[in-house]
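Peer 1: So here's protein.csv, just CSV, C-alpha atoms:
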```csv
chain,number,residue,atom,x,y,z
A,1212,MET,CA,15.6,26.1,-9.1
A,1213,LEU,CA,12.3,24.8,-7.7
A,1214,LEU,CA,11.9,22.5,-10.7
A,1215,GLU,CA,15.3,21.1,-10.1
A,1216,ALA,CA,14.5,20.4,-6.5
A,1217,LEU,CA,11.3,18.6,-7.6
A,1218,THR,CA,13.3,16.2,-9.8
A,1219,HIS,CA,15.5,15.1,-6.9
A,1220,THR,CA,14.5,12.7,-4.1
A,1221,TRP,CA,11.9,14.4,-1.9
A,1222,PRO,CA,13.1,14.2,1.7
A,1223,TRP,CA,11.1,12.4,4.3
A,1224,TYR,CA,10.1,15.6,6.1
A,1225,ILE,CA,8.5,16.9,2.9
A,1226,ALA,CA,6.9,13.7,1.6
A,1227,GLY,CA,5.7,12.3,5.0
A,1228,PRO,CA,3.7,15.3,6.0
A,1229,LEU,CA,2.3,15.6,2.5
A,1230,ILE,CA,1.1,12.0,2.6
A,1231,GLY,CA,-0.3,12.6,6.1
A,1232,LEU,CA,-2.4,15.5,4.8
A,1233,PHE,CA,-4.4,13.1,2.6
A,1234,VAL,CA,-6.2,11.8,5.7
A,1235,PRO,CA,-7.9,15.2,6.6
A,1236,LEU,CA,-8.2,16.1,2.9
A,1237,LEU,CA,-10.2,13.0,2.1
A,1238,GLN,CA,-12.2,13.4,5.2
A,1239,LEU,CA,-13.0,17.0,4.3
A,1240,VAL,CA,-13.9,16.5,0.7
A,1241,GLY,CA,-16.1,13.4,1.1
A,1242,ASP,CA,-15.8,11.7,4.5
A,1243,LYS,CA,-13.5,9.1,3.0
A,1244,GLN,CA,-10.8,7.1,4.7
A,1245,LEU,CA,-7.4,6.8,3.1
A,1246,GLY,CA,-6.8,3.2,2.2
A,1247,ILE,CA,-5.6,1.6,-1.0
A,1248,SER,CA,-6.0,-2.2,-0.4
A,1249,GLY,CA,-9.8,-1.8,-0.3
A,1250,ASN,CA,-9.5,-1.5,-4.1
A,1251,LEU,CA,-8.4,-5.1,-4.4
A,1252,ARG,CA,-11.7,-6.1,-2.7
A,1253,HIS,CA,-13.7,-3.7,-4.9
A,1254,LEU,CA,-12.1,-5.1,-8.0
A,1255,CYS,CA,-12.8,-8.7,-6.9
A,1256,SER,CA,-16.4,-7.7,-6.1
A,1257,ALA,CA,-16.8,-6.2,-9.5
A,1258,LEU,CA,-15.1,-9.0,-11.4
A,1259,LEU,CA,-15.9,-12.3,-9.7
A,1260,PRO,CA,-18.2,-12.0,-6.6
A,1261,ARG,CA,-19.6,-15.5,-7.0
A,1262,ARG,CA,-21.4,-16.4,-3.8
A,1263,ILE,CA,-18.8,-15.0,-1.5
A,1264,ASP,CA,-20.3,-12.8,1.3
A,1265,PHE,CA,-17.1,-10.8,1.6
A,1266,LEU,CA,-17.4,-9.8,-2.1
A,1267,ARG,CA,-21.1,-9.2,-2.3
A,1268,TYR,CA,-21.8,-5.6,-1.6
A,1269,ASP,CA,-22.4,-2.4,-3.6
A,1270,TRP,CA,-18.8,-1.9,-4.8
A,1271,ARG,CA,-19.7,1.1,-6.9
A,1272,GLY,CA,-21.3,2.9,-4.0
A,1273,ALA,CA,-18.5,2.0,-1.5
A,1274,GLY,CA,-15.5,2.0,-3.8
A,1275,ALA,CA,-16.0,4.1,-7.0
A,1276,TRP,CA,-14.1,7.1,-5.4
A,1277,ASN,CA,-11.3,4.8,-4.3
A,1278,LEU,CA,-10.9,3.0,-7.6
A,1279,ILE,CA,-10.7,6.4,-9.3
A,1280,PHE,CA,-8.2,7.5,-6.6
A,1281,ALA,CA,-6.1,4.4,-7.4
A,1282,LEU,CA,-6.3,5.1,-11.1
A,1283,GLY,CA,-5.0,8.6,-10.3
A,1284,THR,CA,-2.0,7.1,-8.5
A,1285,LEU,CA,-1.1,5.2,-11.7
A,1286,LEU,CA,-1.2,8.5,-13.5
A,1287,GLY,CA,0.9,10.0,-10.6
A,1288,GLY,CA,3.5,7.2,-11.0
A,1289,TRP,CA,3.7,8.0,-14.7
A,1290,ILE,CA,4.1,11.8,-14.1
A,1291,GLY,CA,6.6,11.1,-11.3
A,1292,VAL,CA,8.8,8.9,-13.4
A,1293,HIS,CA,8.5,10.4,-16.8
A,1294,LEU,CA,8.0,14.1,-16.2
A,1295,LEU,CA,9.8,14.6,-12.9
A,1296,GLY,CA,12.3,11.8,-13.4
A,1297,THR,CA,13.8,9.4,-11.0
A,1298,GLY,CA,17.5,9.7,-10.6
A,1299,GLU,CA,19.7,7.2,-9.0
A,1300,ILE,CA,18.1,6.0,-5.7
A,1301,ALA,CA,20.7,6.7,-3.0
A,1302,ILE,CA,20.1,3.8,-0.6
A,1303,SER,CA,22.5,3.6,2.3
A,1304,PRO,CA,25.9,1.9,1.7
A,1305,ASP,CA,24.9,-0.7,4.3
A,1306,THR,CA,21.9,-1.7,2.3
A,1307,GLN,CA,24.0,-1.8,-0.9
A,1308,ALA,CA,26.4,-4.1,0.8
A,1309,SER,CA,23.6,-6.3,2.2
A,1310,LEU,CA,22.0,-6.6,-1.2
A,1311,HIS,CA,25.3,-7.4,-3.0
A,1312,ALA,CA,25.8,-10.1,-0.4
A,1313,LEU,CA,22.3,-11.4,-1.1
A,1314,GLY,CA,23.1,-11.7,-4.8
A,1315,VAL,CA,21.3,-8.6,-6.1
A,1316,HIS,CA,23.9,-6.9,-8.3
A,1317,ASP,CA,22.0,-4.2,-10.3
A,1318,LEU,CA,20.9,-1.6,-7.8
A,1319,SER,CA,19.7,0.9,-10.4
A,1320,GLY,CA,16.1,1.9,-11.0
A,1321,LEU,CA,13.0,1.6,-8.9
A,1322,VAL,CA,13.1,-2.2,-8.7
A,1323,PRO,CA,15.9,-4.8,-9.2
A,1324,HIS,CA,15.5,-5.7,-12.9
A,1325,GLU,CA,17.0,-9.1,-12.5
A,1326,ILE,CA,14.1,-10.0,-10.1
A,1327,ILE,CA,11.2,-7.7,-10.7
A,1328,SER,CA,10.8,-7.9,-14.4
A,1329,TRP,CA,9.1,-10.0,-17.1
A,1330,GLU,CA,12.4,-11.9,-17.6
A,1331,GLY,CA,12.7,-12.2,-13.9
A,1332,LEU,CA,9.4,-14.0,-13.7
A,1333,LEU,CA,11.2,-17.0,-15.3
A,1334,THR,CA,13.5,-17.3,-12.3
A,1335,VAL,CA,12.5,-18.8,-9.0
A,1336,ARG,CA,13.3,-15.7,-7.0
A,1337,GLY,CA,11.5,-13.5,-9.5
A,1338,PHE,CA,8.4,-15.7,-9.7
A,1339,VAL,CA,8.1,-16.0,-5.9
A,1340,SER,CA,8.7,-12.3,-5.4
A,1341,VAL,CA,6.1,-11.1,-7.9
A,1342,VAL,CA,3.5,-13.9,-7.9
A,1343,ALA,CA,3.7,-15.3,-4.4
A,1344,GLY,CA,4.5,-11.9,-2.9
A,1345,GLY,CA,1.6,-10.3,-4.7
A,1346,PHE,CA,-0.8,-13.1,-3.6
A,1347,LEU,CA,0.3,-12.6,0.1
A,1348,VAL,CA,-0.2,-8.8,-0.2
A,1349,GLY,CA,-3.7,-9.4,-1.4
A,1350,PHE,CA,-4.5,-12.1,1.0
A,1351,GLY,CA,-2.9,-10.4,4.0
A,1352,THR,CA,-4.4,-7.0,3.5
A,1353,ALA,CA,-7.9,-8.4,3.0
A,1354,TYR,CA,-7.4,-10.5,6.2
A,1355,ALA,CA,-6.1,-7.7,8.2
A,1356,GLY,CA,-8.6,-5.2,6.8
A,1357,GLY,CA,-6.0,-2.7,5.5
A,1358,CYS,CA,-2.5,-2.0,4.4
A,1359,THR,CA,0.1,0.7,5.0
A,1360,SER,CA,-2.2,3.5,4.1
A,1361,GLY,CA,-5.3,2.1,5.8
A,1362,HIS,CA,-3.9,0.7,9.0
A,1363,ALA,CA,-0.5,2.5,9.5
A,1364,ILE,CA,-1.4,6.1,8.4
A,1365,SER,CA,-5.2,6.2,8.6
A,1366,GLY,CA,-5.6,3.8,11.5
A,1367,LEU,CA,-2.7,4.8,13.8
A,1368,SER,CA,-3.4,8.5,13.3
A,1369,ASN,CA,-6.9,7.7,14.7
A,1370,PHE,CA,-5.3,5.9,17.7
A,1371,GLN,CA,-6.9,2.5,16.7
A,1372,LEU,CA,-5.4,-0.3,18.8
A,1373,ARG,CA,-6.2,-2.9,16.1
A,1374,SER,CA,-4.2,-0.9,13.6
A,1375,LEU,CA,-1.2,-1.0,15.9
A,1376,PHE,CA,-1.5,-4.8,16.1
A,1377,ALA,CA,-1.8,-4.9,12.3
A,1378,VAL,CA,1.3,-2.6,11.8
A,1379,LEU,CA,3.3,-4.7,14.3
A,1380,GLY,CA,2.2,-7.7,12.2
A,1381,PHE,CA,3.4,-6.0,9.0
A,1382,PHE,CA,6.8,-5.5,10.4
A,1383,ALA,CA,7.0,-8.9,11.9
A,1384,GLY,CA,6.2,-10.4,8.5
A,1385,GLY,CA,8.5,-8.1,6.7
A,1386,LEU,CA,11.4,-8.8,9.0
A,1387,LEU,CA,10.8,-12.5,8.7
A,1388,ALA,CA,10.8,-12.4,4.9
A,1389,THR,CA,13.8,-10.1,4.6
A,1390,HIS,CA,16.0,-11.9,7.1
A,1391,LEU,CA,15.0,-15.5,6.7
A,1392,LEU,CA,13.1,-16.0,3.4
A,1393,LEU,CA,15.2,-13.8,1.1
A,1394,PRO,CA,18.5,-15.5,2.0
A,1395,LEU,CA,17.0,-18.9,1.2
A,1396,LEU,CA,15.3,-17.7,-2.0
A,1397,PHE,CA,18.0,-15.5,-3.5
B,652,MET,CA,-19.0,20.2,0.5
B,653,THR,CA,-19.6,16.6,1.5
B,654,SER,CA,-20.8,14.3,-1.3
B,655,ARG,CA,-20.6,17.2,-3.7
B,656,PHE,CA,-16.9,16.5,-4.4
B,657,PRO,CA,-16.7,15.2,-8.0
B,658,LEU,CA,-15.3,11.8,-8.7
B,659,PHE,CA,-12.8,13.5,-11.1
B,660,GLY,CA,-11.4,15.2,-8.0
B,661,TYR,CA,-10.3,11.8,-6.6
B,662,LEU,CA,-8.4,11.2,-9.8
B,663,LEU,CA,-6.4,14.4,-9.2
B,664,LEU,CA,-5.9,13.5,-5.5
B,665,GLY,CA,-4.7,10.1,-6.5
B,666,ALA,CA,-2.3,11.5,-9.0
B,667,ALA,CA,-0.8,13.8,-6.3
B,668,PHE,CA,-0.5,10.8,-4.0
B,669,GLY,CA,1.2,8.8,-6.7
B,670,ILE,CA,3.7,11.6,-7.5
B,671,ILE,CA,4.6,12.0,-3.8
B,672,LEU,CA,5.2,8.3,-3.3
B,673,THR,CA,7.2,8.1,-6.5
B,674,LYS,CA,9.4,11.1,-5.7
B,675,ALA,CA,9.9,10.1,-2.1
B,676,GLU,CA,11.0,6.7,-3.5
B,677,VAL,CA,8.4,4.9,-1.3
B,678,ILE,CA,7.7,2.7,-4.4
B,679,SER,CA,11.3,1.6,-4.6
B,680,TRP,CA,12.0,-2.1,-3.7
B,681,PHE,CA,15.4,-0.9,-2.5
B,682,ARG,CA,13.9,1.6,0.0
B,683,ILE,CA,11.7,-1.2,1.4
B,684,GLN,CA,14.7,-3.4,1.8
B,685,GLU,CA,16.5,-0.5,3.5
B,686,MET,CA,13.6,-0.2,5.9
B,687,PHE,CA,13.3,-3.8,6.8
B,688,ARG,CA,17.1,-3.8,7.5
B,689,PHE,CA,16.9,-0.7,9.7
B,690,GLN,CA,19.7,0.8,7.6
B,691,ALA,CA,18.2,4.3,7.0
B,692,PHE,CA,15.7,6.6,8.6
B,693,HIS,CA,14.0,7.6,5.3
B,694,MET,CA,11.0,5.3,5.3
B,695,PHE,CA,10.5,5.5,9.1
B,696,GLY,CA,10.6,9.3,8.8
B,697,ILE,CA,8.0,9.2,6.0
B,698,ILE,CA,5.6,6.9,7.8
B,699,GLY,CA,6.1,8.5,11.2
B,700,SER,CA,5.6,12.1,10.0
B,701,ALA,CA,2.6,11.1,7.9
B,702,ILE,CA,1.0,9.6,11.0
B,703,ALA,CA,1.9,12.6,13.1
B,704,VAL,CA,0.5,15.1,10.6
B,705,ALA,CA,-2.7,13.0,10.1
B,706,ALA,CA,-3.2,12.6,13.8
B,707,ILE,CA,-2.9,16.4,14.5
B,708,ALA,CA,-5.2,17.2,11.6
B,709,ARG,CA,-7.8,14.6,12.9
B,710,LEU,CA,-7.7,16.2,16.3
B,711,LEU,CA,-8.2,19.7,14.8
B,712,LEU,CA,-11.1,18.4,12.7
B,713,LYS,CA,-12.6,16.4,15.5
B,714,ARG,CA,-16.4,16.2,15.1
B,715,PRO,CA,-19.1,13.7,15.8
B,716,PRO,CA,-19.1,10.6,13.5
B,717,ALA,CA,-20.7,11.4,10.2
B,718,PRO,CA,-24.2,10.1,9.7
B,719,THR,CA,-24.3,7.4,7.1
B,720,LEU,CA,-28.1,7.3,6.6
B,721,CYS,CA,-28.3,9.8,3.8
B,722,GLY,CA,-26.2,9.3,0.8
B,723,GLU,CA,-23.0,7.9,1.9
B,724,PRO,CA,-22.7,4.1,2.0
B,725,ALA,CA,-22.2,2.5,5.4
B,726,PRO,CA,-18.6,1.3,6.1
B,727,LEU,CA,-17.9,-2.1,4.8
B,728,ALA,CA,-18.8,-5.0,7.0
B,729,ASP,CA,-15.2,-5.7,8.0
B,730,GLU,CA,-15.6,-3.7,11.2
B,731,GLU,CA,-16.3,-6.6,13.5
B,732,THR,CA,-12.9,-7.2,15.0
B,733,GLY,CA,-13.4,-10.7,16.4
B,734,ARG,CA,-10.6,-11.6,18.9
B,735,GLY,CA,-8.0,-9.7,17.0
B,736,TYR,CA,-6.2,-12.6,15.4
B,737,ARG,CA,-6.9,-11.2,12.0
B,738,PHE,CA,-4.6,-8.2,12.6
B,739,TRP,CA,-1.6,-10.2,13.7
B,740,LEU,CA,-2.1,-13.0,11.2
B,741,GLY,CA,-3.3,-10.9,8.3
B,742,GLY,CA,-0.8,-8.2,9.0
B,743,GLY,CA,2.1,-10.7,9.2
B,744,ILE,CA,1.0,-12.3,5.9
B,745,PHE,CA,0.9,-9.0,4.2
B,746,GLY,CA,4.3,-8.1,5.7
B,747,ILE,CA,5.9,-11.1,4.1
B,748,GLY,CA,4.3,-10.1,0.8
B,749,TRP,CA,5.4,-6.5,1.3
B,750,ALA,CA,9.1,-7.6,1.7
B,751,LEU,CA,8.9,-10.0,-1.2
B,752,THR,CA,7.4,-7.7,-3.8
B,753,GLY,CA,9.0,-4.6,-2.3
B,754,ALA,CA,5.6,-2.9,-2.6
B,755,CYS,CA,2.5,-2.4,-0.6
B,756,PRO,CA,-0.8,-2.0,-2.5
B,757,GLY,CA,-0.4,1.8,-3.2
B,758,PRO,CA,3.1,1.3,-4.8
B,759,LEU,CA,1.9,-1.8,-6.7
B,760,PHE,CA,-0.5,0.4,-8.7
B,761,ILE,CA,1.9,3.4,-8.9
B,762,LEU,CA,4.8,1.2,-10.2
B,763,ILE,CA,2.6,0.1,-13.1
B,764,GLY,CA,2.0,3.7,-14.0
B,765,GLY,CA,5.8,4.3,-13.5
B,766,GLY,CA,6.6,1.7,-16.2
B,767,VAL,CA,7.3,-1.4,-14.1
B,768,SER,CA,4.7,-3.3,-16.1
B,769,VAL,CA,5.4,-6.7,-14.6
B,770,MET,CA,3.6,-5.4,-11.5
B,771,ILE,CA,0.4,-6.0,-13.4
B,772,VAL,CA,1.1,-9.7,-12.6
B,773,ALA,CA,1.6,-8.8,-8.9
B,774,VAL,CA,-1.7,-7.0,-8.9
B,775,LEU,CA,-3.5,-9.9,-10.5
B,776,SER,CA,-1.9,-12.1,-8.0
B,777,ALA,CA,-3.0,-9.8,-5.2
B,778,LEU,CA,-6.6,-10.0,-6.6
B,779,ALA,CA,-6.3,-13.7,-6.4
B,780,GLY,CA,-5.1,-13.4,-2.8
B,781,THR,CA,-8.0,-11.1,-1.8
B,782,TRP,CA,-10.5,-13.4,-3.5
B,783,THR,CA,-9.0,-16.5,-1.8
B,784,TYR,CA,-9.3,-14.7,1.5
B,785,GLY,CA,-13.0,-14.0,0.8
B,786,TYR,CA,-13.5,-17.7,-0.1
B,787,LEU,CA,-11.8,-19.0,3.0
B,788,ARG,CA,-13.0,-16.3,5.3
B,789,SER,CA,-15.4,-18.3,7.4
B,790,ARG,CA,-12.8,-20.9,8.1
B,791,LEU,CA,-10.1,-18.5,9.3
B,792,PRO,CA,-9.6,-17.3,12.8
B,793,HIS,CA,-10.6,-13.7,13.3
```
Before we go any further, please render this structure as structure tokens.
Peer 2:
Amino acid sequence: MLLEALTHTWPWYIAGPLIGLFVPLLQLVGDKQLGISGNLRHLCSALLPRRIDFLRYDWRGAGAWNLIFALGTLLGGWIGVHLLGTGEIAISPDTQASLHALGVHDLSGLVPHEIISWEGLLTVRGFVSVVAGGFLVGFGTAYAGGCTSGHAISGLSNFQLRSLFAVLGFFAGGLLATHLLLPLLF
Amino acid sequence: MTSRFPLFGYLLLGAAFGIILTKAEVISWFRIQEMFRFQAFHMFGIIGSAIAVAAIARLLLKRPPAPTLCGEPAPLADEETGRGYRFWLGGGIFGIGWALTGACPGPLFILIGGGVSVMIVAVLSALAGTWTYGYLRSRLPH
């Protein structure tokens, strides 16, 4: 019974509060701030710091815990998909219609295979989505100093005004890309 | 308790975080599209309730800022806020990337674990993006 419930989509009112609990949890166990994008910086610092001030710091001291946390999330993704199973993702009929109109036909799985896949990389829309999209995620989060977990969840729960600006920026950018860029690209 | 927590513990916490984001379908490209089209409450409910729970917990745990002199490294030097351009501009740039890849940094990593191996390319690209920001940092408005 419980196991069966676990394999279905977890509703927002279960998942959201659980995600929120990571903020006090990380604070309690080690005075850490929830935030994933910092790991991109730590990895850059570890791999290719060159003479870049932004990347010259003690990444082990500042980021070892977070890199291990990120490694854990990979493990969690594996467990979530392979042991708990992802069924059909029941997105709203409106979104299904919007995506069909956009030219996305296969709505199964976690990502659209015609775009986000190794074969998809050979198409313009796939390459832009994965390569350019990834670049902008890395550039933008470093510039803004945080991502959804760092600014939206960690920052807004701490009533940080700058996080509110950042989150408004996230949505402005996301809306622009969804409603103007995707129709041009797809 | 502080600073005694083993690094291995963060692996388990990360795993739990990854499972939750996977099972709530936060890592789904389709859910992100649904969110940016305002066609379902799911993602807004998740982000909103996560913020609410975290805010309440923070208020309950309220205590003076932790000293950083002994043991813990000081926060990274990105605390200087400048005139605030970085939040609008950086946030907007990230938002475009979020809609394009259908994933923010957490899901980028989680999707690799979940078998969407092409996201390795997206992470490498994101590393290039972060590096490029570092390289251009002094020339960008903050």
Peer 1: What's the 10 Å shell around His1362 in chain A, counting all atoms listed in the file, without same-chain residues fewer than 6 positions away, as a ChimeraX atom specification?
Peer 2: /A:1245-1246,1352,1355-1356,1368-1369,1371-1378,1381 /B:738,742
Peer 1: What's around Ala1388 in chain A at 10 Å? Count all atoms listed in the file, leave out sequence neighbours fewer than 2 positions away in its own chain, and write the answer as a CSV table (one decimal) with C-alpha atoms, in the coordinates of the input.
Peer 2:
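Below is the file around_9.csv, written as the result:
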```
chain,number,residue,atom,x,y,z
A,1382,PHE,CA,6.8,-5.5,10.4
A,1383,ALA,CA,7.0,-8.9,11.9
A,1384,GLY,CA,6.2,-10.4,8.5
A,1385,GLY,CA,8.5,-8.1,6.7
A,1386,LEU,CA,11.4,-8.8,9.0
A,1390,HIS,CA,16.0,-11.9,7.1
A,1391,LEU,CA,15.0,-15.5,6.7
A,1392,LEU,CA,13.1,-16.0,3.4
A,1393,LEU,CA,15.2,-13.8,1.1
A,1394,PRO,CA,18.5,-15.5,2.0
A,1395,LEU,CA,17.0,-18.9,1.2
A,1396,LEU,CA,15.3,-17.7,-2.0
B,687,PHE,CA,13.3,-3.8,6.8
B,743,GLY,CA,2.1,-10.7,9.2
B,744,ILE,CA,1.0,-12.3,5.9
B,746,GLY,CA,4.3,-8.1,5.7
B,747,ILE,CA,5.9,-11.1,4.1
B,748,GLY,CA,4.3,-10.1,0.8
B,749,TRP,CA,5.4,-6.5,1.3
B,750,ALA,CA,9.1,-7.6,1.7
B,751,LEU,CA,8.9,-10.0,-1.2
```
Peer 1: I'd like the neighbourhood of range 1263-1275 of chain A as a count of residues only, where a residue qualifies if any of its atoms comes within 7 Å (using all atoms listed in the file), though same-chain residues fewer than 6 positions away should be ignored.
Peer 2: 9
Peer 1: Suppose you want the space between CA of Ile1225 in chain A and CA of Asp1305 in chain A; what is it in Å?
Peer 2: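 CA of Ile1225 in chain A sits 24.1 Å away from CA of Asp1305 in chain A.
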Peer 1: Calculate how many Å separate CA of Gly1287 in chain A from CA of Pro756 in chain B, rounding to one decimal.
Peer 2: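 Interatomic distance, CA of Gly1287 in chain A to CA of Pro756 in chain B: 14.6 Å.
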Peer 1: Could the centre and edge lengths of an axis-aligned box, enclosing all atoms of range 780-784 of chain B in the file with 4 Å extra on each side, be given in Å to one decimal as JSON?
Peer 2:
```
{"center_x": -7.8, "center_y": -13.8, "center_z": -1.0, "size_x": 13.4, "size_y": 13.4, "size_z": 13.0}
```
Peer 1: Which residues are near Leu1213 in chain A? Cut-off 12 Å, all atoms listed in the file, ignore same chain within fewer than 6 positions. Put them as a short mmCIF file (atom, residue, chain, number, x, y, z; two decimals) with C-alpha atoms, in the coordinates of the input.
Peer 2:
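File produced: result-v9.cif:
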```
data_model
loop_
_atom_site.label_atom_id
_atom_site.label_comp_id
_atom_site.auth_asym_id
_atom_site.auth_seq_id
_atom_site.Cartn_x
_atom_site.Cartn_y
_atom_site.Cartn_z
CA HIS A 1219 15.50 15.10 -6.90
CA TRP A 1221 11.90 14.40 -1.90
CA LEU A 1295 9.80 14.60 -12.90
#
```
Peer 1: Using only C-alpha atoms, which protein or nucleic acid residues come within 9 Å of range 1336-1342 of chain A? Drop anything in the same chain fewer than 6 positions from it, and give the result as JSON, numbers by chain.
Peer 2: {"A": [1325, 1326, 1327, 1328, 1329, 1330, 1393, 1396, 1397], "B": [748, 750, 751, 752, 753, 769, 770, 772, 773, 774, 775, 776, 777]}
Peer 1: Hey, can you check how far CA of Gly669 in chain B sits from CA of Leu1285 in chain A?
Peer 2: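 CA of Leu1285 in chain A lies 6.6 Å from CA of Gly669 in chain B.
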Peer 1: Of the candidates A:Phe1280, A:Phe1370, A:Ser1365, A:Leu1254, which shows the shortest atom-to-atom distance to chain B, using all atoms listed in the file?
Peer 2: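 The answer is A:Phe1280, which sits nearest to chain B.
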Peer 1: Out of B:Arg655, B:Leu712, B:His793, B:Ile697, which residue has the shortest atom-to-atom distance to chain A when counting all atoms listed in the file?
Peer 2: B:Ile697
Peer 1: At a cut-off of 10 Å from (-8.7, 3.4, 3.8) in the coordinates of the file, what residues are picked up using only C-alpha atoms, written as an mmCIF file with C-alpha atoms, in the coordinates of the input?
Peer 2:
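Output (out.cif):
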```cif
data_model
loop_
_atom_site.group_PDB
_atom_site.id
_atom_site.type_symbol
_atom_site.label_atom_id
_atom_site.label_comp_id
_atom_site.auth_asym_id
_atom_site.auth_seq_id
_atom_site.Cartn_x
_atom_site.Cartn_y
_atom_site.Cartn_z
ATOM 1 C CA VAL A 1234 -6.200 11.800 5.700
ATOM 2 C CA LEU A 1237 -10.200 13.000 2.100
ATOM 3 C CA LYS A 1243 -13.500 9.100 3.000
ATOM 4 C CA GLN A 1244 -10.800 7.100 4.700
ATOM 5 C CA LEU A 1245 -7.400 6.800 3.100
ATOM 6 C CA GLY A 1246 -6.800 3.200 2.200
ATOM 7 C CA ILE A 1247 -5.600 1.600 -1.000
ATOM 8 C CA SER A 1248 -6.000 -2.200 -0.400
ATOM 9 C CA GLY A 1249 -9.800 -1.800 -0.300
ATOM 10 C CA ASN A 1250 -9.500 -1.500 -4.100
ATOM 11 C CA ASN A 1277 -11.300 4.800 -4.300
ATOM 12 C CA GLY A 1356 -8.600 -5.200 6.800
ATOM 13 C CA GLY A 1357 -6.000 -2.700 5.500
ATOM 14 C CA CYS A 1358 -2.500 -2.000 4.400
ATOM 15 C CA THR A 1359 0.100 0.700 5.000
ATOM 16 C CA SER A 1360 -2.200 3.500 4.100
ATOM 17 C CA GLY A 1361 -5.300 2.100 5.800
ATOM 18 C CA HIS A 1362 -3.900 0.700 9.000
ATOM 19 C CA ILE A 1364 -1.400 6.100 8.400
ATOM 20 C CA SER A 1365 -5.200 6.200 8.600
ATOM 21 C CA GLY A 1366 -5.600 3.800 11.500
#
```
Peer 1: From the set A:Leu1318, A:Ile1300, A:Leu1217, A:Ala1363, which residue has the shortest atom-to-atom contact distance to Glu676 in chain B, counting all atoms listed in the file?
Peer 2: A:Ile1300
